[in-house]
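K.L.:
mmCIF, C-alpha atoms, file final_8.cif:
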```cif
data_upload
#
loop_
_atom_site.label_atom_id
_atom_site.label_comp_id
_atom_site.auth_asym_id
_atom_site.auth_seq_id
_atom_site.Cartn_x
_atom_site.Cartn_y
_atom_site.Cartn_z
CA MET A 1 -2.29 -20.32 -60.88
CA PRO A 2 -0.19 -23.08 -59.29
CA SER A 3 0.46 -22.79 -55.64
CA SER A 4 3.96 -22.76 -54.25
CA PRO A 5 5.36 -25.85 -52.54
CA THR A 6 5.23 -24.11 -49.23
CA GLY A 7 1.58 -23.22 -49.57
CA SER A 8 1.86 -19.45 -49.97
CA ASN A 9 -1.87 -19.23 -50.55
CA GLU A 10 -2.48 -20.09 -46.90
CA ARG A 11 -2.88 -17.37 -44.29
CA THR A 12 0.20 -16.53 -42.26
CA PRO A 13 -0.16 -17.88 -38.71
CA TYR A 14 -1.06 -15.22 -36.16
CA SER A 15 1.91 -16.10 -33.96
CA LEU A 16 4.32 -15.49 -36.86
CA THR A 17 2.65 -12.18 -37.69
CA THR A 18 2.85 -11.13 -34.06
CA ALA A 19 6.48 -12.18 -33.85
CA MET A 20 7.38 -10.08 -36.88
CA SER A 21 5.56 -7.06 -35.50
CA SER A 22 7.29 -7.51 -32.15
CA ASN A 23 10.77 -7.32 -33.64
CA SER A 24 12.37 -3.90 -33.66
CA THR A 25 15.39 -2.22 -35.14
CA HIS A 26 16.08 -0.42 -31.87
CA GLU A 27 16.47 -1.51 -28.27
CA PHE A 28 13.67 -0.90 -25.79
CA PRO A 29 13.34 -1.70 -22.06
CA THR A 30 12.81 -5.38 -21.40
CA PRO A 31 9.35 -5.82 -19.85
CA VAL A 32 9.60 -6.33 -16.11
CA GLY A 33 8.92 -10.00 -15.48
CA GLY A 34 9.57 -10.75 -19.13
CA ALA A 35 6.98 -11.57 -21.75
CA PRO A 36 4.90 -14.50 -20.45
CA ILE A 37 6.04 -17.90 -21.74
CA SER A 38 5.14 -21.46 -20.83
CA VAL A 39 7.09 -21.36 -17.56
CA ASP A 40 4.87 -18.45 -16.41
CA PHE A 41 1.66 -20.45 -16.63
CA ALA A 42 1.69 -22.16 -13.19
CA PRO A 43 2.82 -19.17 -11.08
CA SER A 44 0.41 -16.88 -12.91
CA ILE A 45 -2.49 -19.22 -12.13
CA LEU A 46 -1.30 -19.36 -8.50
CA PHE A 47 -1.20 -15.60 -8.03
CA SER A 48 -4.50 -15.08 -9.81
CA ALA A 49 -6.03 -17.56 -7.36
CA LEU A 50 -4.33 -15.91 -4.37
CA TYR A 51 -5.72 -12.51 -5.35
CA GLY A 52 -9.07 -14.19 -5.88
CA LEU A 53 -8.96 -15.24 -2.22
CA LEU A 54 -8.54 -11.59 -1.24
CA PHE A 55 -11.62 -10.53 -3.20
CA PRO A 56 -14.22 -11.84 -0.67
CA LEU A 57 -12.29 -10.07 2.09
CA ALA A 58 -12.35 -6.84 0.08
CA VAL A 59 -16.10 -7.21 -0.46
CA TYR A 60 -16.58 -7.94 3.26
CA ARG A 61 -14.75 -4.75 4.20
CA ALA A 62 -16.82 -2.77 1.70
CA VAL A 63 -20.26 -3.98 2.75
CA ARG A 64 -19.89 -3.83 6.53
CA ARG A 65 -20.73 -0.44 7.97
CA ASP A 66 -18.11 -0.60 10.71
CA SER A 67 -15.27 -1.22 8.22
CA ARG A 68 -16.50 0.52 5.04
CA ASN A 69 -14.22 3.36 3.91
CA THR A 70 -12.72 5.02 0.83
CA VAL A 71 -9.20 5.14 2.25
CA LEU A 72 -8.24 1.74 0.80
CA ILE A 73 -9.72 2.31 -2.65
CA GLY A 74 -6.27 2.01 -4.23
CA THR A 75 -5.56 -1.32 -2.57
CA LEU A 76 -9.03 -2.64 -3.44
CA VAL A 77 -8.59 -1.74 -7.11
CA PHE A 78 -5.06 -3.17 -7.03
CA ALA A 79 -6.19 -6.53 -5.61
CA THR A 80 -9.09 -6.83 -8.06
CA GLU A 81 -7.03 -5.81 -11.08
CA HIS A 82 -4.27 -8.29 -10.28
CA ILE A 83 -6.75 -11.16 -10.56
CA VAL A 84 -7.15 -10.09 -14.19
CA LEU A 85 -3.44 -9.33 -14.63
CA TYR A 86 -2.21 -12.79 -13.69
CA ALA A 87 -5.11 -14.51 -15.45
CA LEU A 88 -4.08 -12.76 -18.67
CA ARG A 89 -0.43 -13.64 -18.09
CA ALA A 90 -1.49 -17.27 -17.71
CA HIS A 91 -3.47 -17.02 -20.95
CA VAL A 92 -0.53 -15.55 -22.85
CA ALA A 93 1.83 -18.16 -21.37
CA HIS A 94 -0.47 -20.95 -22.52
CA SER A 95 -1.36 -19.53 -25.94
CA ALA A 96 1.37 -19.17 -28.56
CA SER A 97 -0.89 -16.93 -30.66
CA ALA A 98 -1.13 -14.33 -27.88
CA ARG A 99 2.58 -14.07 -27.16
CA GLY A 100 4.21 -10.86 -28.26
CA SER A 101 0.99 -8.87 -28.09
CA GLU A 102 2.04 -5.26 -27.74
CA GLY A 103 -1.30 -4.20 -26.28
CA LEU A 104 -1.27 -6.85 -23.54
CA GLU A 105 2.37 -6.19 -22.69
CA THR A 106 1.64 -2.48 -22.37
CA TYR A 107 -1.19 -3.31 -19.97
CA PHE A 108 1.07 -5.63 -17.96
CA GLN A 109 3.79 -2.99 -17.60
CA THR A 110 1.34 -0.22 -16.66
CA THR A 111 -0.29 -2.34 -13.96
CA LEU A 112 2.99 -3.67 -12.55
CA SER A 113 4.51 -0.19 -12.54
CA ALA A 114 1.75 1.51 -10.54
CA GLY A 115 0.43 -1.33 -8.38
CA PHE A 116 2.78 -1.32 -5.40
CA ILE A 117 2.77 2.48 -5.34
CA SER A 118 -1.00 2.59 -4.88
CA ILE A 119 -0.71 0.40 -1.77
CA GLY A 120 1.96 2.70 -0.35
CA GLN A 121 -0.28 5.68 -1.03
CA ASP A 122 -3.08 4.09 1.00
CA ILE A 123 -0.65 3.29 3.83
CA SER A 124 0.38 6.95 4.09
CA VAL A 125 -3.30 7.93 4.43
CA LEU A 126 -3.76 5.40 7.25
CA LEU A 127 -0.77 6.74 9.12
CA ARG A 128 -1.98 10.31 8.72
CA ALA A 129 -5.37 9.41 10.23
CA LEU A 130 -3.69 7.67 13.17
CA LEU A 131 -1.30 10.54 13.93
CA VAL A 132 -3.95 13.24 13.60
CA SER A 133 -6.45 11.40 15.81
CA SER A 134 -3.88 11.27 18.59
CA THR A 135 -3.78 15.09 18.80
CA PHE A 136 -7.44 15.67 19.65
CA THR A 137 -8.90 16.18 23.10
CA THR A 138 -10.53 13.03 24.37
CA PRO A 139 -13.40 12.86 26.85
CA SER A 140 -12.49 11.82 30.34
CA ALA A 141 -11.97 8.11 30.45
CA PRO A 142 -14.30 6.13 32.72
CA ALA A 143 -13.27 6.42 36.34
CA VAL A 144 -10.78 3.77 37.37
CA THR A 145 -10.55 2.78 41.02
CA ARG A 146 -7.06 2.00 42.22
CA GLU A 147 -5.79 0.90 45.61
CA PRO A 148 -2.85 3.00 46.84
CA PRO A 149 -0.14 1.68 49.17
CA ALA A 150 -1.39 0.79 52.64
CA ALA A 151 0.73 3.42 54.33
CA THR A 152 0.18 7.00 53.23
CA SER A 153 1.65 9.87 55.13
CA SER A 154 -0.50 12.73 53.96
CA ARG A 155 -3.90 12.62 52.39
CA PRO A 156 -6.15 15.46 51.36
CA PRO A 157 -9.43 15.73 53.16
CA GLY A 158 -12.39 13.71 51.83
CA GLY A 159 -13.49 14.93 48.47
CA ALA A 160 -10.22 16.80 47.79
CA GLU A 161 -8.91 16.54 44.24
CA MET A 162 -5.37 16.58 42.85
CA GLU A 163 -4.27 17.01 39.25
CA ALA A 164 -1.08 15.91 37.50
CA SER A 165 -0.01 16.28 33.90
CA ASP A 166 2.17 13.86 31.96
CA ARG A 167 4.63 14.90 29.29
CA ASP A 168 2.13 13.87 26.60
CA GLY A 169 -0.42 16.41 27.79
CA THR A 170 -2.58 13.90 29.64
CA THR A 171 -4.17 15.33 32.76
CA ARG A 172 -5.14 12.94 35.53
CA SER A 173 -7.65 13.94 38.19
CA ILE A 174 -7.29 11.97 41.44
CA GLN A 175 -9.99 12.11 44.04
CA GLU A 176 -10.09 10.30 47.37
CA GLY A 177 -13.33 8.63 48.21
CA ASP A 178 -15.29 9.45 51.40
CA SER A 179 -16.08 6.26 53.32
CA THR A 180 -19.43 7.66 54.38
CA LYS A 181 -20.48 8.48 50.84
CA HIS A 182 -18.82 5.80 48.71
CA LEU A 183 -18.92 2.07 48.63
CA PHE A 184 -15.13 1.86 48.57
CA PRO A 185 -12.95 2.04 51.68
CA PRO A 186 -11.21 5.31 52.55
CA SER A 187 -7.98 4.17 50.96
CA ALA A 188 -9.57 3.81 47.48
CA ILE A 189 -8.87 6.58 44.97
CA THR A 190 -10.58 7.32 41.65
CA VAL A 191 -8.49 8.25 38.59
CA SER A 192 -9.84 9.82 35.39
CA GLU A 193 -7.79 10.93 32.39
CA THR A 194 -8.24 13.73 29.87
CA ARG A 195 -5.91 14.50 26.95
CA GLU A 196 -5.33 18.10 25.97
CA ASP A 197 -5.87 19.29 22.42
CA GLN A 198 -2.73 19.78 20.28
CA PRO A 199 -3.76 21.96 17.32
CA ALA A 200 -0.21 23.07 16.44
CA LEU A 201 1.05 19.50 16.23
CA ARG A 202 -2.04 18.49 14.28
CA LEU A 203 -1.42 21.22 11.69
CA GLN A 204 2.22 20.18 11.38
CA ILE A 205 1.27 16.53 10.80
CA ARG A 206 -1.31 17.48 8.19
CA ASN A 207 1.13 19.73 6.33
CA ILE A 208 3.81 17.04 6.17
CA CYS A 209 1.33 14.33 5.18
CA GLY A 210 -0.18 16.64 2.59
CA VAL A 211 3.18 17.01 0.87
CA VAL A 212 3.68 13.24 0.98
CA ALA A 213 0.21 12.73 -0.55
CA ILE A 214 1.05 15.08 -3.44
CA LEU A 215 4.35 13.29 -4.06
CA PHE A 216 2.59 9.92 -4.09
CA LEU A 217 0.07 11.27 -6.62
CA VAL A 218 2.90 12.52 -8.85
CA THR A 219 4.60 9.12 -8.56
CA VAL A 220 1.45 7.24 -9.57
CA ILE A 221 0.95 9.54 -12.56
CA LEU A 222 4.57 9.07 -13.68
CA SER A 223 4.27 5.30 -13.40
CA ILE A 224 1.06 5.24 -15.44
CA VAL A 225 2.54 7.49 -18.13
CA ALA A 226 5.65 5.28 -18.26
CA GLY A 227 3.51 2.17 -18.67
CA VAL A 228 1.24 3.66 -21.32
CA ASP A 229 4.24 4.99 -23.25
CA TYR A 230 5.70 1.48 -23.35
CA ASN A 231 3.59 0.80 -26.45
CA GLN A 232 5.36 3.66 -28.24
CA ALA A 233 8.69 2.52 -26.84
CA LEU A 234 8.31 -0.65 -28.89
CA LYS A 235 8.20 1.47 -32.06
CA SER A 236 10.49 4.42 -31.35
CA GLY A 237 13.97 4.70 -29.88
CA ALA A 238 13.15 8.13 -28.45
CA HIS A 239 10.08 6.80 -26.66
CA ALA A 240 12.08 3.80 -25.46
CA GLU A 241 14.48 6.07 -23.63
CA LEU A 242 11.66 8.28 -22.33
CA SER A 243 9.77 5.26 -21.00
CA ARG A 244 12.89 4.00 -19.24
CA GLN A 245 13.59 7.35 -17.59
CA LEU A 246 9.98 7.65 -16.42
CA MET A 247 10.15 4.15 -14.94
CA TYR A 248 13.34 5.00 -13.11
CA ALA A 249 11.88 8.28 -11.84
CA SER A 250 8.58 6.83 -10.62
CA THR A 251 10.15 3.75 -9.02
CA GLY A 252 12.96 5.68 -7.35
CA LEU A 253 10.56 8.27 -5.99
CA ALA A 254 8.25 5.50 -4.75
CA VAL A 255 11.08 3.79 -2.85
CA GLY A 256 12.05 7.10 -1.28
CA LEU A 257 8.48 7.82 -0.20
CA LEU A 258 7.99 4.34 1.26
CA ILE A 259 11.16 4.70 3.32
CA MET A 260 10.03 8.17 4.40
CA VAL A 261 6.67 6.86 5.61
CA ALA A 262 8.33 3.98 7.49
CA CYS A 263 10.81 6.33 9.15
CA GLY A 264 8.04 8.82 9.96
CA ALA A 265 6.02 6.12 11.71
CA SER A 266 9.07 5.03 13.72
CA TYR A 267 9.84 8.61 14.73
CA ALA A 268 6.21 9.22 15.76
CA VAL A 269 6.29 6.20 18.06
CA MET A 270 9.42 7.50 19.78
CA ALA A 271 8.58 11.22 19.89
CA LEU A 272 4.79 11.23 20.38
CA PRO A 273 3.74 9.25 23.46
CA ARG A 274 0.07 9.30 22.45
CA VAL A 275 0.72 7.37 19.22
CA PRO A 276 0.13 3.64 19.79
CA LYS A 277 3.16 1.59 18.84
CA GLY A 278 1.47 -1.41 17.23
CA PRO A 279 -0.85 0.43 14.80
CA ALA A 280 1.99 2.81 13.84
CA MET A 281 4.63 0.16 13.18
CA TYR A 282 2.25 -2.08 11.22
CA PRO A 283 2.12 0.24 8.16
CA ALA A 284 5.85 0.89 8.57
CA ALA A 285 6.52 -2.84 8.16
CA ILE A 286 4.30 -2.97 5.06
CA CYS A 287 6.21 -0.03 3.55
CA ILE A 288 9.52 -1.81 4.11
CA LEU A 289 8.05 -4.88 2.41
CA LEU A 290 6.99 -2.79 -0.58
CA THR A 291 10.48 -1.32 -0.94
CA VAL A 292 11.60 -4.84 -1.93
CA VAL A 293 9.42 -4.49 -5.03
CA GLY A 294 10.85 -1.07 -5.84
CA ILE A 295 14.46 -2.12 -5.34
CA TYR A 296 13.91 -5.18 -7.56
CA ARG A 297 12.46 -2.97 -10.29
CA LEU A 298 15.38 -0.53 -10.07
CA SER A 299 17.81 -3.43 -10.43
CA VAL A 300 16.30 -4.72 -13.69
CA LEU A 301 15.20 -1.59 -15.55
CA HIS A 302 18.57 -1.30 -17.30
CA ASN A 303 17.92 -4.44 -19.38
CA THR A 304 17.01 -4.00 -23.05
CA THR A 305 15.81 -6.19 -25.89
CA THR A 306 14.82 -5.85 -29.54
CA SER A 307 11.86 -8.27 -29.44
CA LEU A 308 9.18 -9.24 -26.97
CA LEU A 309 9.76 -12.84 -28.05
CA SER A 310 13.50 -12.74 -27.44
CA THR A 311 15.03 -15.46 -25.29
CA GLY A 312 18.51 -13.97 -25.22
CA PRO A 313 20.39 -12.40 -22.29
CA GLY A 314 18.41 -9.72 -20.48
CA SER A 315 15.06 -10.97 -21.79
CA PHE A 316 13.93 -12.39 -18.41
CA SER A 317 13.00 -15.65 -20.11
CA SER A 318 15.19 -17.98 -18.06
CA PRO A 319 13.64 -19.94 -15.15
CA GLY A 320 15.90 -18.11 -12.71
CA ALA A 321 14.82 -14.68 -13.94
CA LYS A 322 11.17 -15.71 -13.81
CA ALA A 323 11.54 -17.04 -10.25
CA THR A 324 13.21 -13.79 -9.18
CA PHE A 325 10.27 -11.80 -10.52
CA TYR A 326 7.68 -13.84 -8.64
CA VAL A 327 9.70 -13.87 -5.40
CA PHE A 328 10.71 -10.20 -5.27
CA HIS A 329 7.87 -8.51 -7.15
CA ALA A 330 4.69 -10.60 -7.14
CA ALA A 331 4.93 -12.14 -3.66
CA PRO A 332 5.66 -8.95 -1.65
CA GLU A 333 2.80 -7.16 -3.40
CA TRP A 334 0.33 -9.90 -2.52
CA ILE A 335 1.52 -10.09 1.11
CA ALA A 336 1.24 -6.30 1.46
CA ALA A 337 -2.30 -6.27 0.04
CA ALA A 338 -3.32 -9.14 2.34
CA LEU A 339 -1.89 -7.37 5.40
CA VAL A 340 -3.72 -4.12 4.58
CA LEU A 341 -7.07 -5.79 3.93
CA SER A 342 -6.85 -8.03 7.01
CA VAL A 343 -7.20 -5.05 9.37
CA ASN A 344 -10.35 -3.07 10.06
CA VAL A 345 -8.64 0.26 9.41
CA ARG A 346 -11.76 2.27 10.20
CA LYS A 347 -11.62 0.99 13.78
CA VAL A 348 -7.87 0.71 14.35
CA TYR A 349 -6.78 3.89 12.54
CA LYS A 350 -9.93 5.95 13.17
CA THR A 351 -10.26 6.79 9.47
CA GLY A 352 -14.02 7.19 9.41
CA MET A 353 -15.44 6.95 5.91
CA PHE A 354 -13.02 9.27 4.14
CA GLY A 355 -9.91 9.43 6.31
CA ASP A 356 -8.42 12.65 7.66
CA PHE A 357 -9.53 15.04 4.94
CA THR A 358 -11.48 17.47 7.10
CA SER A 359 -10.50 19.78 9.92
CA ASP A 360 -13.11 18.27 12.19
CA LYS A 361 -12.49 15.83 14.98
CA PRO A 362 -13.36 12.27 13.88
CA GLN A 363 -16.62 11.09 15.32
CA PRO A 364 -16.67 7.91 17.37
CA GLU A 365 -18.02 4.88 15.54
#
```
If you took the structure in this file and wrote it as structure tokens, what would it be?

P.N.:
Amino acid sequence: MPSSPTGSNERTPYSLTTAMSSNSTHEFPTPVGGAPISVDFAPSILFSALYGLLFPLAVYRAVRRDSRNTVLIGTLVFATEHIVLYALRAHVAHSASARGSEGLETYFQTTLSAGFISIGQDISVLLRALLVSSTFTTPSAPAVTREPPAATSSRPPGGAEMEASDRDGTTRSIQEGDSTKHLFPPSAITVSETREDQPALRLQIRNICGVVAILFLVTVILSIVAGVDYNQALKSGAHAELSRQLMYASTGLAVGLLIMVACGASYAVMALPRVPKGPAMYPAAICILLTVVGIYRLSVLHNTTTSLLSTGPGSFSSPGAKATFYVFHAAPEWIAAALVLSVNVRKVYKTGMFGDFTSDKPQPE
């Protein structure tokens, strides 16, 4: 049988087959970041390499006994998975035959939807451990010798002891040294400090943080369901709307929780004198950084398209739209992950191996 002039006996190119399968008769949410195209190749390689640089640090934290913990499991998985994520985006951007793959795009949207939330979830666990540890009784600190003013009007007899309590429940015992029994002169005084236990405050912190933990879990589940349902959204108008609503719900709830954690850390620094300012404000700053990702997502979720290969308005295929994605979504996520992994949280936040998930006082490392 004679062949047609166009060569109909040849196999249809995969890219054309994919393009036809990616077209739809209904509108569905435009993938956040857009389907990878040639302009995505360089930034995708860059971010895959940047996450690759975090991998040795993650391994270092995991193998060292003094920093090993399960608190940052979400961030560790996030950092490792994003090496693969951006490597695959680079592959799709460089390979015309892979563009428009519904399976890969579903994976991209699921990972991008839940990634920044998992970091925020870990941050809330760190803050809980820090706040709870500040409520326990601490052993008396080593005696500190201080020199009082030269002129003192009234002194207790040698060996007499005075006690004073601060507003944070810290009790200081002050004892004057006896010149015949101590190496210090009579004017030297010894100060030791003991913090009182605060079980009521500890219970209140745990209750509040427990609610936050549940809300974060719900948010992660919603984001994963929204991402997985994206595959069906490509085929069904009803699923397209459902996927969009789930994305809005999970992202909006995540932004609210991140702001809540940041505000909670700021309030704790002002209202609880025992809470150290630096370690408390550090996770607050990371939460504010992650809200940039959430706000960006909320601002673009309204866009729709009828094809993953579309280059029309709202398809995120322009250089400006691509740059916006990498600046306001990819970069803040990487910075947040790097900031979290750069700190020995087991030492700074007293998380122990599993964080504050027991009623027992954390044991010293």

K.L.:
Of the candidates A:Val132, A:Ile83, A:Cys287, A:Ala338, which one gets nearest to Leu203 in chain A if we count all atoms listed in the file?

P.N.:
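Checking each of A:Val132, A:Ile83, A:Cys287, A:Ala338 against Leu203 in chain A, counting all atoms listed in the file, the winner is A:Val132.
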
K.L.:
Calculate how many Å separate CA of Gln121 in chain A from CA of Leu257 in chain A, rounding to one decimal.

P.N.:
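Interatomic distance here is 9.1 Å.
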
K.L.:
Would you kindly return, as a VMD selection string, each protein, DNA or RNA residue with an atom no farther than 12 Å from any atom of His329 in chain A, considering only C-alpha atoms and excluding same-chain residues fewer than 5 positions away?

P.N.:
chain A and resid 32 to 33 47 112 to 113 115 to 116 289 to 300 321 to 324 334 to 336

K.L.:
Taking (-10.3, 1.1, 9.7) in the file's own coordinates, collect the residues within 12 Å, counting all atoms listed in the file, and hand them back as a PDB file with C-alpha atoms, keeping the file's coordinate frame.

P.N.:
```pdb
ATOM      1  CA  ARG A  61     -14.750  -4.750   4.200  1.00  0.00           C
ATOM      2  CA  ALA A  62     -16.820  -2.770   1.700  1.00  0.00           C
ATOM      3  CA  ARG A  64     -19.890  -3.830   6.530  1.00  0.00           C
ATOM      4  CA  ARG A  65     -20.730  -0.440   7.970  1.00  0.00           C
ATOM      5  CA  ASP A  66     -18.110  -0.600  10.710  1.00  0.00           C
ATOM      6  CA  SER A  67     -15.270  -1.220   8.220  1.00  0.00           C
ATOM      7  CA  ARG A  68     -16.500   0.520   5.040  1.00  0.00           C
ATOM      8  CA  ASN A  69     -14.220   3.360   3.910  1.00  0.00           C
ATOM      9  CA  THR A  70     -12.720   5.020   0.830  1.00  0.00           C
ATOM     10  CA  VAL A  71      -9.200   5.140   2.250  1.00  0.00           C
ATOM     11  CA  LEU A  72      -8.240   1.740   0.800  1.00  0.00           C
ATOM     12  CA  ASP A 122      -3.080   4.090   1.000  1.00  0.00           C
ATOM     13  CA  ILE A 123      -0.650   3.290   3.830  1.00  0.00           C
ATOM     14  CA  VAL A 125      -3.300   7.930   4.430  1.00  0.00           C
ATOM     15  CA  LEU A 126      -3.760   5.400   7.250  1.00  0.00           C
ATOM     16  CA  LEU A 127      -0.770   6.740   9.120  1.00  0.00           C
ATOM     17  CA  ALA A 129      -5.370   9.410  10.230  1.00  0.00           C
ATOM     18  CA  LEU A 130      -3.690   7.670  13.170  1.00  0.00           C
ATOM     19  CA  PRO A 279      -0.850   0.430  14.800  1.00  0.00           C
ATOM     20  CA  VAL A 340      -3.720  -4.120   4.580  1.00  0.00           C
ATOM     21  CA  LEU A 341      -7.070  -5.790   3.930  1.00  0.00           C
ATOM     22  CA  SER A 342      -6.850  -8.030   7.010  1.00  0.00           C
ATOM     23  CA  VAL A 343      -7.200  -5.050   9.370  1.00  0.00           C
ATOM     24  CA  ASN A 344     -10.350  -3.070  10.060  1.00  0.00           C
ATOM     25  CA  VAL A 345      -8.640   0.260   9.410  1.00  0.00           C
ATOM     26  CA  ARG A 346     -11.760   2.270  10.200  1.00  0.00           C
ATOM     27  CA  LYS A 347     -11.620   0.990  13.780  1.00  0.00           C
ATOM     28  CA  VAL A 348      -7.870   0.710  14.350  1.00  0.00           C
ATOM     29  CA  TYR A 349      -6.780   3.890  12.540  1.00  0.00           C
ATOM     30  CA  LYS A 350      -9.930   5.950  13.170  1.00  0.00           C
ATOM     31  CA  THR A 351     -10.260   6.790   9.470  1.00  0.00           C
ATOM     32  CA  GLY A 352     -14.020   7.190   9.410  1.00  0.00           C
ATOM     33  CA  MET A 353     -15.440   6.950   5.910  1.00  0.00           C
ATOM     34  CA  PHE A 354     -13.020   9.270   4.140  1.00  0.00           C
ATOM     35  CA  GLY A 355      -9.910   9.430   6.310  1.00  0.00           C
ATOM     36  CA  ASP A 356      -8.420  12.650   7.660  1.00  0.00           C
ATOM     37  CA  GLU A 365     -18.020   4.880  15.540  1.00  0.00           C
TER      38      GLU A 365
END
```

K.L.:
From (6.9, 6.7, -9.2), in the file's coordinates, out to 10 Å: which residues are reached, counting all atoms listed in the file? Answer as a VMD selection string.

P.N.:
chain A and resid 113 to 114 116 to 118 215 to 226 246 to 257 294

K.L.:
Of the candidates A:Ala79, A:Ala35, A:Gly237, A:Glu27, which one gets nearest to Ser315 in chain A if we count all atoms listed in the file?

P.N.:
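For Ser315 in chain A, the nearest of the candidates is A:Ala35.
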
K.L.:
Which residues match the PyMOL selection byres ((chain A and resi 243) around 8) in the file above, as a short mmCIF file (atom, residue, chain, number, x, y, z; two decimals) with C-alpha atoms, keeping the file's coordinate frame?

P.N.:
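Once written, out-v9.cif looks like this:
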```
data_model
loop_
_atom_site.label_atom_id
_atom_site.label_comp_id
_atom_site.auth_asym_id
_atom_site.auth_seq_id
_atom_site.Cartn_x
_atom_site.Cartn_y
_atom_site.Cartn_z
CA PRO A 29 13.34 -1.70 -22.06
CA ALA A 226 5.65 5.28 -18.26
CA GLY A 227 3.51 2.17 -18.67
CA ASP A 229 4.24 4.99 -23.25
CA TYR A 230 5.70 1.48 -23.35
CA ALA A 233 8.69 2.52 -26.84
CA HIS A 239 10.08 6.80 -26.66
CA ALA A 240 12.08 3.80 -25.46
CA GLU A 241 14.48 6.07 -23.63
CA LEU A 242 11.66 8.28 -22.33
CA ARG A 244 12.89 4.00 -19.24
CA GLN A 245 13.59 7.35 -17.59
CA LEU A 246 9.98 7.65 -16.42
CA MET A 247 10.15 4.15 -14.94
#
```

K.L.:
Kindly give the distance, in Å, that separates CA of Ile208 in chain A and CA of Arg195 in chain A, rounded to a single decimal.

P.N.:
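CA of Arg195 in chain A lies at a distance of 23.1 Å from CA of Ile208 in chain A.
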
K.L.:
Under the rule that only C-alpha atoms are counted, which of A:Ile45, A:Leu131, A:Ala284, A:Val261 is the nearest residue to Gln198 in chain A?

P.N.:
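Checking each of A:Ile45, A:Leu131, A:Ala284, A:Val261 against Gln198 in chain A, counting only C-alpha atoms, the winner is A:Leu131.
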
K.L.:
Out of A:Asn231, A:Thr304, A:Ser134, A:Ser95, which residue has the shortest atom-to-atom distance to Ile37 in chain A when counting all atoms listed in the file?

P.N.:
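Answer, going by the shortest atom-to-atom distance: A:Ser95.
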
K.L.:
What does the structure give for the distance between CA of Phe136 in chain A and CA of Val275 in chain A, in Å to one decimal?

P.N.:
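Separating CA of Phe136 in chain A from CA of Val275 in chain A is a distance of 11.6 Å.
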
K.L.:
Report as a list of chain:residue names the full result of the PyMOL selection byres ((chain A and resi 90) around 9) when it is applied to this structure.

P.N.:
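On this input, the PyMOL selection byres ((chain A and resi 90) around 9) captures A:Pro36, A:Ile37, A:Ser38, A:Asp40, A:Phe41, A:Ala42, A:Pro43, A:Ser44, A:Ile45, A:Ser48, A:Leu85, A:Tyr86, A:Ala87, A:Leu88, A:Arg89, A:His91, A:Val92, A:Ala93, A:His94, A:Ser95.
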
K.L.:
With C-alpha atoms kept, could you save the residues just selected as a compact mmCIF listing (two decimals), keeping the file's coordinate frame?

P.N.:
```
# COMPACT_ATOMS: atom_id res chain seq x y z
CA PRO A 36 4.90 -14.50 -20.45
CA ILE A 37 6.04 -17.90 -21.74
CA SER A 38 5.14 -21.46 -20.83
CA ASP A 40 4.87 -18.45 -16.41
CA PHE A 41 1.66 -20.45 -16.63
CA ALA A 42 1.69 -22.16 -13.19
CA PRO A 43 2.82 -19.17 -11.08
CA SER A 44 0.41 -16.88 -12.91
CA ILE A 45 -2.49 -19.22 -12.13
CA SER A 48 -4.50 -15.08 -9.81
CA LEU A 85 -3.44 -9.33 -14.63
CA TYR A 86 -2.21 -12.79 -13.69
CA ALA A 87 -5.11 -14.51 -15.45
CA LEU A 88 -4.08 -12.76 -18.67
CA ARG A 89 -0.43 -13.64 -18.09
CA HIS A 91 -3.47 -17.02 -20.95
CA VAL A 92 -0.53 -15.55 -22.85
CA ALA A 93 1.83 -18.16 -21.37
CA HIS A 94 -0.47 -20.95 -22.52
CA SER A 95 -1.36 -19.53 -25.94
```

K.L.:
Expand the PyMOL selection byres ((chain A and resi 26) around 8) into the individual residues it matches in the shown file, reporting them as a PyMOL selection string.

P.N.:
chain A and resi 24-25+27-28+236-237+306

K.L.:
Measuring between all atoms listed in the file, which one of A:Thr80, A:Ser124, A:Thr137, A:Asn207 shows the shortest distance to Leu258 in chain A?

P.N.:
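With all atoms listed in the file as the atom set, the closest residue is A:Ser124.
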
K.L.:
Looking at A:Ile286, A:Leu301, A:Leu201, A:Gly264, which one is nearest to Ala337 in chain A, with distances taken over only C-alpha atoms?

P.N.:
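With only C-alpha atoms as the atom set, the closest residue is A:Ile286.
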